[in-house]
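Heads up, work38.csv below (CSV, C-alpha atoms and all ligand atoms):
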chain,number,residue,atom,x,y,z
R,236,MET,CA,30.3,13.6,0.3
R,237,ALA,CA,27.2,13.7,2.4
R,238,SER,CA,26.1,10.3,3.7
R,239,LEU,CA,23.3,8.7,1.7
R,240,ASP,CA,20.0,8.0,3.4
R,241,ILE,CA,17.4,6.1,1.6
R,242,GLY,CA,13.8,5.2,2.5
R,243,ILE,CA,12.0,2.3,0.8
R,244,ASP,CA,8.3,1.5,1.1
R,245,LEU,CA,8.0,-2.2,0.1
R,246,GLY,CA,4.3,-2.1,-0.7
R,247,THR,CA,2.1,-5.0,-1.8
R,248,CYS,CA,1.3,-3.1,-5.0
R,249,THR,CA,4.0,-0.6,-5.4
R,250,ALA,CA,7.6,-0.3,-4.1
R,251,ILE,CA,8.8,3.3,-3.8
R,252,ALA,CA,12.3,4.5,-2.9
R,253,THR,CA,13.1,8.0,-1.8
R,254,ASP,CA,16.5,9.6,-1.0
R,255,SER,CA,17.6,12.4,1.2
R,256,THR,CA,15.9,15.0,-1.0
R,257,ARG,CA,12.7,13.3,0.2
R,258,SER,CA,11.3,13.1,-3.2
R,259,VAL,CA,10.3,9.9,-4.9
R,260,VAL,CA,13.2,8.5,-6.9
R,261,VAL,CA,12.1,5.1,-7.9
R,262,ARG,CA,8.6,3.8,-8.2
R,263,GLU,CA,8.0,0.2,-9.4
R,264,PRO,CA,5.0,-2.2,-9.2
R,265,SER,CA,6.0,-4.9,-6.7
R,266,VAL,CA,6.2,-7.7,-9.3
R,267,VAL,CA,8.9,-9.9,-10.7
R,268,ALA,CA,8.8,-12.1,-13.8
R,269,VAL,CA,10.6,-15.5,-13.8
R,270,ASP,CA,11.3,-17.7,-16.7
R,271,ASN,CA,10.1,-21.2,-15.6
R,272,ARG,CA,12.5,-23.0,-17.9
R,273,THR,CA,15.6,-21.4,-16.4
R,274,GLY,CA,14.3,-20.2,-13.0
R,275,LYS,CA,15.9,-16.9,-13.8
R,276,VAL,CA,14.4,-13.4,-13.1
R,277,THR,CA,13.7,-11.8,-16.5
R,278,GLU,CA,12.1,-8.5,-15.6
R,279,ILE,CA,11.3,-6.5,-12.5
R,280,GLY,CA,8.6,-3.8,-11.9
R,281,SER,CA,6.7,-1.8,-14.5
R,282,ARG,CA,7.6,-4.0,-17.5
R,283,VAL,CA,6.2,-7.0,-15.6
R,284,TYR,CA,3.0,-5.1,-14.7
R,285,GLU,CA,2.2,-4.7,-18.4
R,286,MET,CA,2.5,-8.5,-18.7
R,287,ILE,CA,0.0,-9.4,-16.0
R,288,GLY,CA,-2.7,-11.7,-17.4
R,289,ARG,CA,-0.9,-11.9,-20.7
R,290,THR,CA,2.1,-14.2,-20.1
R,291,PRO,CA,3.0,-17.3,-22.0
R,292,SER,CA,3.1,-20.5,-20.0
R,293,TYR,CA,6.9,-20.5,-19.6
R,294,MET,CA,6.7,-17.1,-17.8
R,295,GLN,CA,5.5,-16.6,-14.3
R,296,VAL,CA,4.6,-13.3,-12.7
R,297,ILE,CA,5.3,-13.2,-9.0
R,298,ARG,CA,4.1,-10.7,-6.4
R,299,PRO,CA,6.6,-11.2,-3.7
R,300,LEU,CA,4.6,-9.3,-1.2
R,301,SER,CA,0.9,-10.1,-1.0
R,302,GLU,CA,-1.9,-9.6,1.4
R,303,GLY,CA,0.4,-7.9,3.9
R,304,VAL,CA,2.9,-10.7,4.2
R,305,ILE,CA,6.2,-11.5,2.5
R,306,SER,CA,5.0,-14.5,0.4
R,307,ASN,CA,8.2,-15.0,-1.6
R,308,PHE,CA,11.4,-14.1,0.2
R,309,ALA,CA,13.9,-14.7,-2.6
R,310,MET,CA,11.9,-12.4,-4.9
R,311,THR,CA,11.6,-9.8,-2.2
R,312,GLU,CA,15.3,-9.7,-2.0
R,313,VAL,CA,15.5,-9.3,-5.8
R,314,LEU,CA,13.1,-6.3,-5.5
R,315,ILE,CA,15.1,-4.6,-2.7
R,316,ARG,CA,18.4,-5.0,-4.6
R,317,HIS,CA,16.8,-3.6,-7.8
R,318,MET,CA,15.4,-0.5,-5.9
R,319,LEU,CA,18.7,0.2,-4.1
R,320,ARG,CA,20.8,-0.2,-7.2
R,321,GLN,CA,18.8,2.3,-9.1
R,322,ILE,CA,19.5,5.0,-6.4
R,323,THR,CA,23.1,4.2,-5.5
R,324,GLY,CA,24.3,3.2,-9.0
R,325,SER,CA,28.0,2.7,-8.9
R,326,GLN,CA,28.4,4.9,-5.8
R,327,LEU,CA,30.9,3.4,-3.4
R,328,LEU,CA,29.3,5.0,-0.4
R,329,LYS,CA,27.0,2.5,1.4
R,330,PRO,CA,23.6,4.1,2.3
R,331,ARG,CA,21.6,3.9,5.5
R,332,VAL,CA,18.2,2.5,4.6
R,333,THR,CA,14.8,2.6,6.4
R,334,LEU,CA,12.4,0.1,5.1
R,335,CYS,CA,8.7,-0.2,5.6
R,336,VAL,CA,7.6,-3.9,5.4
R,337,PRO,CA,4.1,-5.4,5.6
R,338,SER,CA,2.6,-5.2,9.1
R,339,GLU,CA,2.4,-8.9,9.6
R,340,THR,CA,6.1,-9.6,8.9
R,341,THR,CA,7.5,-11.9,11.5
R,342,ASN,CA,10.7,-11.2,13.4
R,343,VAL,CA,12.5,-13.9,11.5
R,344,GLU,CA,11.3,-12.4,8.2
R,345,SER,CA,12.3,-8.9,9.4
R,346,GLN,CA,15.7,-10.1,10.2
R,347,ALA,CA,15.9,-11.7,6.7
R,348,VAL,CA,14.8,-8.4,5.1
R,349,ILE,CA,17.5,-6.6,7.0
R,350,ASP,CA,20.1,-9.2,5.9
R,351,ALA,CA,19.0,-8.9,2.3
R,352,THR,CA,19.2,-5.1,2.4
R,353,VAL,CA,22.7,-5.3,3.9
R,354,SER,CA,23.8,-7.8,1.3
R,355,ALA,CA,22.4,-5.4,-1.4
R,356,GLY,CA,24.8,-2.8,-0.2
R,357,ALA,CA,23.3,-1.0,2.8
R,358,ARG,CA,25.5,0.2,5.7
R,359,LYS,CA,22.7,0.3,8.3
R,360,VAL,CA,19.1,-0.8,8.1
R,361,TYR,CA,16.1,0.3,10.1
R,362,LEU,CA,12.5,-1.0,9.9
R,363,ILE,CA,9.5,1.2,10.5
R,364,GLU,CA,5.9,0.3,10.9
R,365,GLU,CA,3.6,1.4,8.1
R,366,PRO,CA,1.2,3.7,10.0
R,367,VAL,CA,4.1,5.5,11.7
R,368,ALA,CA,5.8,6.1,8.3
R,369,ALA,CA,2.5,7.2,6.8
R,370,ALA,CA,1.9,9.7,9.6
R,371,ILE,CA,5.4,11.2,9.3
R,372,GLY,CA,5.1,11.3,5.5
R,373,ALA,CA,1.7,13.1,5.8
R,374,GLY,CA,3.4,15.8,7.9
R,375,LEU,CA,1.8,15.0,11.3
R,376,ASP,CA,3.7,16.2,14.3
R,377,LEU,CA,3.9,13.0,16.4
R,378,SER,CA,5.9,14.6,19.3
R,379,LYS,CA,2.9,16.4,20.8
R,380,PRO,CA,0.8,14.9,23.5
R,381,GLU,CA,-2.1,14.9,21.1
R,382,GLY,CA,-3.9,12.0,19.4
R,383,ASN,CA,-3.6,11.6,15.7
R,384,LEU,CA,-5.6,9.0,13.8
R,385,ILE,CA,-4.0,7.7,10.7
R,386,VAL,CA,-5.6,5.2,8.2
R,387,ASP,CA,-3.4,3.9,5.5
R,388,ILE,CA,-5.3,2.0,2.8
R,389,GLY,CA,-2.8,0.2,0.5
R,390,GLY,CA,-3.4,-2.7,-2.0
R,391,GLY,CA,-3.1,-5.5,0.5
R,392,THR,CA,-3.6,-4.1,4.0
R,393,CYS,CA,-5.3,-1.3,5.8
R,394,ASP,CA,-3.3,-0.1,8.8
R,395,ILE,CA,-5.1,2.0,11.4
R,396,ALA,CA,-3.3,3.7,14.3
R,397,VAL,CA,-3.7,6.3,17.0
R,398,LEU,CA,-0.3,8.0,17.6
R,399,SER,CA,0.7,10.3,20.4
R,400,LEU,CA,4.0,11.4,22.0
R,401,ASN,CA,6.1,9.6,19.4
R,402,GLY,CA,4.4,6.3,20.3
R,403,ILE,CA,1.5,4.1,19.1
R,404,VAL,CA,-1.5,4.1,21.4
R,405,THR,CA,-3.8,1.8,19.6
R,406,LYS,CA,-3.5,0.1,16.2
R,407,THR,CA,-4.9,-2.6,14.0
R,408,SER,CA,-4.2,-4.0,10.6
R,409,ILE,CA,-6.8,-5.7,8.4
R,410,LYS,CA,-6.4,-7.4,5.0
R,411,THR,CA,-9.3,-5.4,3.4
R,412,ALA,CA,-7.7,-2.9,1.1
R,413,GLY,CA,-7.5,-2.0,-2.6
R,414,ARG,CA,-7.2,-5.5,-4.0
R,415,LEU,CA,-10.4,-6.6,-2.3
R,416,PHE,CA,-12.3,-3.9,-4.0
R,417,ASP,CA,-10.9,-5.2,-7.3
R,418,GLU,CA,-12.0,-8.7,-6.5
R,419,ALA,CA,-15.5,-7.5,-5.6
R,420,ILE,CA,-15.8,-5.9,-9.0
R,421,ILE,CA,-14.5,-9.2,-10.7
R,422,ARG,CA,-17.2,-11.2,-8.9
R,423,PHE,CA,-19.9,-8.7,-9.7
R,424,VAL,CA,-19.2,-8.5,-13.4
R,425,ARG,CA,-19.0,-12.3,-13.6
R,426,SER,CA,-22.3,-12.9,-11.8
R,427,LYS,CA,-24.3,-10.1,-13.4
R,428,TYR,CA,-22.9,-10.0,-16.9
R,429,ASN,CA,-21.4,-13.5,-17.3
R,430,LEU,CA,-18.2,-11.7,-18.1
R,431,LEU,CA,-14.8,-12.8,-17.0
R,432,ILE,CA,-12.4,-9.9,-16.5
R,433,GLY,CA,-8.7,-9.7,-15.3
R,434,GLU,CA,-7.4,-8.0,-12.2
R,435,ARG,CA,-5.9,-5.0,-14.2
R,436,THR,CA,-9.3,-4.3,-15.8
R,437,ALA,CA,-11.0,-4.5,-12.5
R,438,GLU,CA,-8.6,-2.0,-11.0
R,439,ARG,CA,-9.1,0.4,-13.9
R,440,VAL,CA,-12.9,0.1,-13.5
R,441,LYS,CA,-12.6,0.8,-9.7
R,442,ILE,CA,-10.4,3.9,-10.3
R,443,GLU,CA,-12.6,5.2,-13.1
R,444,VAL,CA,-16.1,4.6,-11.9
R,445,GLY,CA,-15.9,2.8,-8.5
R,446,SER,CA,-17.6,4.6,-5.6
R,447,VAL,CA,-18.7,3.9,-2.1
R,448,TYR,CA,-20.8,7.1,-1.6
R,449,GLU,CA,-24.3,7.5,-2.9
R,450,GLY,CA,-23.7,11.3,-3.3
R,451,SER,CA,-21.1,10.9,-6.1
R,452,SER,CA,-22.1,11.9,-9.6
R,453,GLU,CA,-22.9,9.2,-12.2
R,454,ALA,CA,-20.1,7.9,-14.5
R,455,ILE,CA,-19.8,5.1,-17.0
R,456,THR,CA,-17.0,3.0,-18.5
R,457,ASP,CA,-16.6,0.2,-21.0
R,458,VAL,CA,-15.5,-3.2,-19.7
R,459,LYS,CA,-14.0,-5.8,-21.9
R,460,GLY,CA,-13.5,-9.5,-21.1
R,461,ARG,CA,-14.5,-13.0,-22.0
R,462,ASP,CA,-18.1,-14.1,-22.2
R,463,LEU,CA,-18.5,-17.1,-20.0
R,464,MET,CA,-21.3,-18.6,-22.1
R,465,THR,CA,-19.8,-18.2,-25.6
R,466,GLY,CA,-16.1,-18.0,-24.7
R,467,LEU,CA,-15.8,-15.0,-27.0
R,468,PRO,CA,-14.6,-11.5,-26.2
R,469,LYS,CA,-17.5,-9.2,-25.1
R,470,LYS,CA,-17.8,-5.6,-24.0
R,471,ILE,CA,-20.3,-4.1,-21.6
R,472,SER,CA,-20.9,-0.7,-20.1
R,473,LEU,CA,-20.7,-0.3,-16.3
R,474,ARG,CA,-22.2,2.6,-14.4
R,475,ARG,CA,-20.9,4.0,-11.1
R,476,SER,CA,-24.3,3.5,-9.4
R,477,GLU,CA,-23.9,-0.3,-10.0
R,478,THR,CA,-20.6,-0.4,-8.1
R,479,LEU,CA,-22.0,1.2,-5.0
R,480,TRP,CA,-23.4,-1.9,-3.3
R,481,VAL,CA,-20.7,-4.1,-4.7
R,482,LEU,CA,-18.0,-2.1,-2.9
R,483,ARG,CA,-20.0,-1.6,0.2
R,484,GLU,CA,-18.9,-4.8,1.9
R,485,PRO,CA,-15.1,-4.1,1.9
R,486,MET,CA,-15.9,-0.5,2.8
R,487,ASP,CA,-17.9,-1.6,5.8
R,488,LEU,CA,-15.1,-3.8,7.0
R,489,ILE,CA,-12.7,-0.8,6.9
R,490,LEU,CA,-15.2,1.4,8.7
R,491,ARG,CA,-15.8,-1.1,11.4
R,492,ALA,CA,-12.0,-1.5,11.9
R,493,VAL,CA,-11.6,2.3,12.3
R,494,ALA,CA,-14.5,2.4,14.7
R,495,GLY,CA,-12.9,-0.4,16.7
R,496,VAL,CA,-9.7,1.5,17.1
R,497,LEU,CA,-11.6,4.6,18.2
R,498,GLU,CA,-13.5,2.5,20.8
R,499,ARG,CA,-10.1,1.4,22.2
R,500,THR,CA,-8.7,4.9,22.3
R,501,PRO,CA,-8.5,6.6,25.7
R,502,PRO,CA,-11.1,9.4,26.1
R,503,GLU,CA,-8.6,12.3,26.2
R,504,LEU,CA,-7.1,11.2,22.9
R,505,SER,CA,-10.5,10.6,21.4
R,506,ALA,CA,-11.3,14.2,22.1
R,507,ASP,CA,-8.1,15.3,20.3
R,508,ILE,CA,-9.0,13.2,17.3
R,509,ARG,CA,-12.4,14.8,17.0
R,510,THR,CA,-10.5,18.1,16.7
R,511,ASN,CA,-7.4,17.0,14.7
R,512,GLY,CA,-9.3,14.7,12.4
R,513,LEU,CA,-8.6,11.5,10.6
R,514,VAL,CA,-5.8,11.5,8.0
R,515,LEU,CA,-6.0,9.1,5.1
R,516,THR,CA,-3.0,7.8,3.2
R,517,GLY,CA,-2.2,5.0,0.7
R,518,GLY,CA,-3.5,4.7,-2.8
R,519,GLY,CA,-6.8,3.2,-1.6
R,520,ALA,CA,-7.7,6.5,0.1
R,521,ARG,CA,-8.4,7.8,-3.4
R,522,LEU,CA,-11.4,5.6,-3.9
R,523,THR,CA,-14.3,7.9,-4.8
R,524,GLY,CA,-16.5,8.6,-1.7
R,525,LEU,CA,-14.3,6.7,0.8
R,526,ALA,CA,-13.3,9.7,2.8
R,527,GLN,CA,-17.0,10.8,3.0
R,528,VAL,CA,-18.1,7.4,4.2
R,529,LEU,CA,-15.4,7.3,6.9
R,530,GLU,CA,-16.3,10.8,8.0
R,531,ARG,CA,-20.0,10.1,8.2
R,532,GLY,CA,-19.5,6.7,9.9
R,533,THR,CA,-17.0,7.9,12.5
R,534,ARG,CA,-18.1,11.5,12.9
R,535,VAL,CA,-14.5,12.5,12.8
R,536,PRO,CA,-13.5,15.1,10.2
R,537,THR,CA,-11.5,13.3,7.5
R,538,ARG,CA,-9.0,14.5,5.0
R,539,ILE,CA,-6.8,12.7,2.4
R,540,ALA,CA,-3.1,13.5,2.7
R,541,GLN,CA,-1.4,15.2,-0.2
R,542,HIS,CA,0.0,12.5,-2.6
R,543,PRO,CA,-1.5,9.7,-0.4
R,544,GLU,CA,0.3,6.9,-2.1
R,545,GLU,CA,3.7,8.5,-1.4
R,546,CYS,CA,3.3,9.2,2.3
R,547,VAL,CA,4.8,6.0,3.6
R,548,ALA,CA,7.8,6.3,1.3
R,549,ILE,CA,8.4,9.9,2.2
R,550,GLY,CA,7.9,9.0,5.9
R,551,THR,CA,10.6,6.3,5.6
R,552,ALA,CA,13.1,8.9,4.3
R,553,ARG,CA,12.1,11.5,6.9
R,554,SER,CA,12.3,8.9,9.7
R,555,PHE,CA,16.1,9.5,9.9
R,556,ASP,CA,15.2,12.8,11.7
R,557,TYR,CA,13.3,10.8,14.3
R,558,LEU,CA,15.8,8.1,15.0
R,559,ASP,CA,16.7,9.4,18.4
R,560,LYS,CA,13.2,10.4,19.3
R,561,LEU,CA,11.2,7.3,18.6
R,562,TYR,CA,10.1,5.1,21.4
R,563,ASP,CA,10.4,1.3,21.4
R,564,GLY,CA,8.0,-0.4,19.1
R,565,PHE,CA,8.2,2.6,16.8
R,566,VAL,CA,11.2,1.3,14.8
R,567,HIS,CA,11.5,-2.3,15.6
R,568,THR,CA,14.1,-4.9,15.0
R,569,SER,CA,16.1,-1.7,14.5
R,570,THR,CA,19.7,-1.8,13.3
R,571,HIS,CA,22.3,-3.9,11.7
R,572,THR,CA,25.7,-2.5,11.3
R,573,HIS,CA,27.9,-3.8,8.5
R,601,LIG,N1,-7.8,6.7,-7.8
R,601,LIG,C1,-7.9,5.6,-7.1
R,601,LIG,N2,-9.1,5.1,-6.7
R,601,LIG,C2,-9.2,4.0,-6.1
R,601,LIG,N3,-8.2,3.2,-5.7
R,601,LIG,C3,-6.9,3.6,-6.1
R,601,LIG,C4,-6.7,4.8,-6.8
R,601,LIG,N4,-5.4,5.0,-7.0
R,601,LIG,C5,-4.8,3.9,-6.5
R,601,LIG,N5,-5.7,3.1,-5.9
R,601,LIG,C6,-5.5,1.8,-5.3
R,601,LIG,O1,-4.5,1.9,-4.3
R,601,LIG,C7,-3.9,0.6,-4.1
R,601,LIG,C8,-2.4,0.8,-4.0
R,601,LIG,O2,-2.1,1.7,-3.0
R,601,LIG,P1,-0.6,1.8,-2.4
R,601,LIG,O3,0.3,2.1,-3.5
R,601,LIG,O4,-0.7,2.7,-1.2
R,601,LIG,O5,-0.4,0.3,-1.9
R,601,LIG,P2,0.8,-0.5,-1.3
R,601,LIG,O6,1.6,0.4,-0.4
R,601,LIG,O7,1.6,-1.1,-2.4
R,601,LIG,O8,0.2,-1.7,-0.5
R,601,LIG,P3,0.2,-2.1,1.0
R,601,LIG,O9,0.4,-0.9,1.8
R,601,LIG,O10,-1.0,-2.9,1.3
R,601,LIG,O11,1.4,-3.0,1.1
R,601,LIG,C9,-4.3,-0.3,-5.2
R,601,LIG,O12,-5.3,-1.2,-4.8
R,601,LIG,C10,-4.9,0.7,-6.2
R,601,LIG,O13,-5.9,0.2,-7.0
R,602,MG,MG,1.6,0.7,1.6
Would you mind giving the structure from this file in structure tokens?
Ligand SMILES: Nc1ncnc2c1ncn2[C@@H]1O[C@H](COP(=O)(O)OP(=O)(O)OP(=O)(O)O)[C@@H](O)[C@H]1O
Ligand SMILES: [Mg+2]
Amino acid sequence: MASLDIGIDLGTCTAIATDSTRSVVVREPSVVAVDNRTGKVTEIGSRVYEMIGRTPSYMQVIRPLSEGVISNFAMTEVLIRHMLRQITGSQLLKPRVTLCVPSETTNVESQAVIDATVSAGARKVYLIEEPVAAAIGAGLDLSKPEGNLIVDIGGGTCDIAVLSLNGIVTKTSIKTAGRLFDEAIIRFVRSKYNLLIGERTAERVKIEVGSVYEGSSEAITDVKGRDLMTGLPKKISLRRSETLWVLREPMDLILRAVAGVLERTPPELSADIRTNGLVLTGGGARLTGLAQVLERGTRVPTRIAQHPEECVAIGTARSFDYLDKLYDGFVHTSTHTH
């Protein structure tokens, strides 16, 4: 039997696992529900996502990874175990696993994630940095002496890096990503319409009508929530044009961070990037107009990778081909043999 290699992207919003076929095998929202009375985990993943904002008081919904850090280690372990078990099933063979963890994970936390993955049944564990996994998953050839600019916009973090010759030349990570756009919509709807809406509604509104580019066509959606004045349910209509300036602030922070990385990039590589372009990955890359705004603001041709939200996960699975080629710092805290 061939050895089993698994890649897992432990994202703030979504955890995705891929096996050696390099196709997505398990995809779950990174949420866990705990019964406060017993302290036991009751549900993991998609069934919990449906409950967000609707739970009775005895139930707590936990996002073990938030804002680019591991905020609840025990629940992160539960999530890893859940993902692995769905792929390996009752198979006796222990897999090799590459994990992508949030960029600000400390060495102690990295080691704890490795230990948790081993205790969940892995034979060997590797960690990979998010922009590197994103670039591999987007199909970029990192071995060439050419600069590649990758921008991964997830739910909690935006990771920006210039990669060349299997190494990271410049990088940065900011906490302005998908969820901040949702929060901006929540604040706007509250202040303009006196309407309180939940995070899932805000995300839907962002996906359906949100835009950061004045050139995008008009769209409209219904938004339901609770009227702050009367306390009663209320419905309003929200137009795309209203969201433009609301989403501009987080958009500008991302643009500034990308420009900052370009400023710190050596001139030869900058020239390559102008030719090769900027590659966008992560679910946040799908925000209407975001690619246009980045292209206009950086003057670098910008494209969204195919299946942007899956690039990191696919990159983690493909990274096994790179294990011998990657330089230090590429795969850090590397291995643990069981
Ligand atoms: N069509 C869309 N338009 C705008 N935003 C979108 C769209 N589709 C997904 N998103 C956003 O993408 C984000 C999730 O992206 P992704 O799955 O790459 O995050 P993650 O990997 O879990 O997070 P992180 O990388 O920060 O840990 C969410 O904020 C979601 O709202
Ligand atoms: Mg991600």
Exercise. Kindly indicate which residue among R:Ala355, R:Leu362, R:Met310, R:Val447 lies nearest to Glu484 (chain R), using only C-alpha atoms for the distances.
Key: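 Ranking R:Ala355, R:Leu362, R:Met310, R:Val447 by distance to Glu484 (chain R), first place goes to R:Val447.
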Which centre and which edge lengths, in Å to one decimal, describe the axis-aligned box that holds all listed atoms of region 331-339 of chain R after 4 Å is added on each side, as AutoDock Vina command-line options?
--center_x 12.0 --center_y -2.5 --center_z 7.1 --size_x 27.2 --size_y 20.8 --size_z 13.0
Q. Using all atoms listed in the file, which residues sit within 12 Å of Glu344 (chain R) once same-chain residues fewer than 3 positions away are excluded, as a list in words?
A.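 Selected residues are Leu300, Val304, Ile305, Ser306, Asn307, Phe308, Ala309, Thr311, Glu312, Val336, Pro337, Ser338, Glu339, Thr340, Thr341, Ala347, Val348, Ile349, Asp350, Ala351, Leu362 and Thr568 of chain R.
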Mind listing the residues within 6 Å of ligand MG 602 (chain R), all atoms listed in the file counted, as a compact mmCIF listing (two decimals) with C-alpha atoms, in the coordinates of the input?
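Just written: result_37.txt:
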# COMPACT_ATOMS: atom_id res chain seq x y z
CA GLY R 246 4.30 -2.10 -0.70
CA GLY R 389 -2.80 0.20 0.50
CA GLY R 517 -2.20 5.00 0.70
- Message: Can you measure CA of Ala454 (chain R) to atom N1 of ligand LIG 601 (chain R) for me? One decimal in Å is fine.
- Response: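 So the answer is 14.1 Å.
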Using all atoms listed in the file, what table do you get, as JSON lines, when you list each residue of chain R with an atom no more than 7 Å from ligand LIG 601 (chain R), its nearest pair of atoms, and their distance in Å rounded to one decimal, rows by chain then rising number?
{"residue": "R:Asp244", "atom": "CA", "partner": "R:LIG601", "partner_atom": "O6", "distance": 7.0}
{"residue": "R:Leu245", "atom": "CA", "partner": "R:LIG601", "partner_atom": "O11", "distance": 6.7}
{"residue": "R:Gly246", "atom": "CA", "partner": "R:LIG601", "partner_atom": "O7", "distance": 3.3}
{"residue": "R:Thr247", "atom": "CA", "partner": "R:LIG601", "partner_atom": "O11", "distance": 3.6}
{"residue": "R:Cys248", "atom": "CA", "partner": "R:LIG601", "partner_atom": "O7", "distance": 3.3}
{"residue": "R:Thr249", "atom": "CA", "partner": "R:LIG601", "partner_atom": "O7", "distance": 3.9}
{"residue": "R:Ala250", "atom": "CA", "partner": "R:LIG601", "partner_atom": "O7", "distance": 6.3}
{"residue": "R:Glu302", "atom": "CA", "partner": "R:LIG601", "partner_atom": "O10", "distance": 6.8}
{"residue": "R:Gly303", "atom": "CA", "partner": "R:LIG601", "partner_atom": "O11", "distance": 5.7}
{"residue": "R:Pro337", "atom": "CA", "partner": "R:LIG601", "partner_atom": "O11", "distance": 5.8}
{"residue": "R:Ile388", "atom": "CA", "partner": "R:LIG601", "partner_atom": "O4", "distance": 6.1}
{"residue": "R:Gly389", "atom": "CA", "partner": "R:LIG601", "partner_atom": "O5", "distance": 3.4}
{"residue": "R:Gly390", "atom": "CA", "partner": "R:LIG601", "partner_atom": "O12", "distance": 3.7}
{"residue": "R:Gly391", "atom": "CA", "partner": "R:LIG601", "partner_atom": "O10", "distance": 3.4}
{"residue": "R:Thr392", "atom": "CA", "partner": "R:LIG601", "partner_atom": "O10", "distance": 3.9}
{"residue": "R:Cys393", "atom": "CA", "partner": "R:LIG601", "partner_atom": "O10", "distance": 6.4}
{"residue": "R:Ala412", "atom": "CA", "partner": "R:LIG601", "partner_atom": "O12", "distance": 6.6}
{"residue": "R:Gly413", "atom": "CA", "partner": "R:LIG601", "partner_atom": "O12", "distance": 3.2}
{"residue": "R:Arg414", "atom": "CA", "partner": "R:LIG601", "partner_atom": "O12", "distance": 4.8}
{"residue": "R:Glu438", "atom": "CA", "partner": "R:LIG601", "partner_atom": "O13", "distance": 5.3}
{"residue": "R:Lys441", "atom": "CA", "partner": "R:LIG601", "partner_atom": "C2", "distance": 5.9}
{"residue": "R:Ile442", "atom": "CA", "partner": "R:LIG601", "partner_atom": "N2", "distance": 4.0}
{"residue": "R:Gly517", "atom": "CA", "partner": "R:LIG601", "partner_atom": "O4", "distance": 3.3}
{"residue": "R:Gly518", "atom": "CA", "partner": "R:LIG601", "partner_atom": "O2", "distance": 3.3}
{"residue": "R:Gly519", "atom": "CA", "partner": "R:LIG601", "partner_atom": "O1", "distance": 3.8}
{"residue": "R:Ala520", "atom": "CA", "partner": "R:LIG601", "partner_atom": "N3", "distance": 6.7}
{"residue": "R:Arg521", "atom": "CA", "partner": "R:LIG601", "partner_atom": "N2", "distance": 4.3}
{"residue": "R:Leu522", "atom": "CA", "partner": "R:LIG601", "partner_atom": "C2", "distance": 3.5}
{"residue": "R:Thr523", "atom": "CA", "partner": "R:LIG601", "partner_atom": "N2", "distance": 6.2}
{"residue": "R:Glu544", "atom": "CA", "partner": "R:LIG601", "partner_atom": "O4", "distance": 4.4}
Exercise. Would you mind telling me which residue in R:Leu328, R:Val514, R:Val481, R:Ile287 lies nearest to Asp387 (chain R) when using all atoms listed in the file?
Key: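 Result for the nearest residue to Asp387 (chain R): R:Val514.
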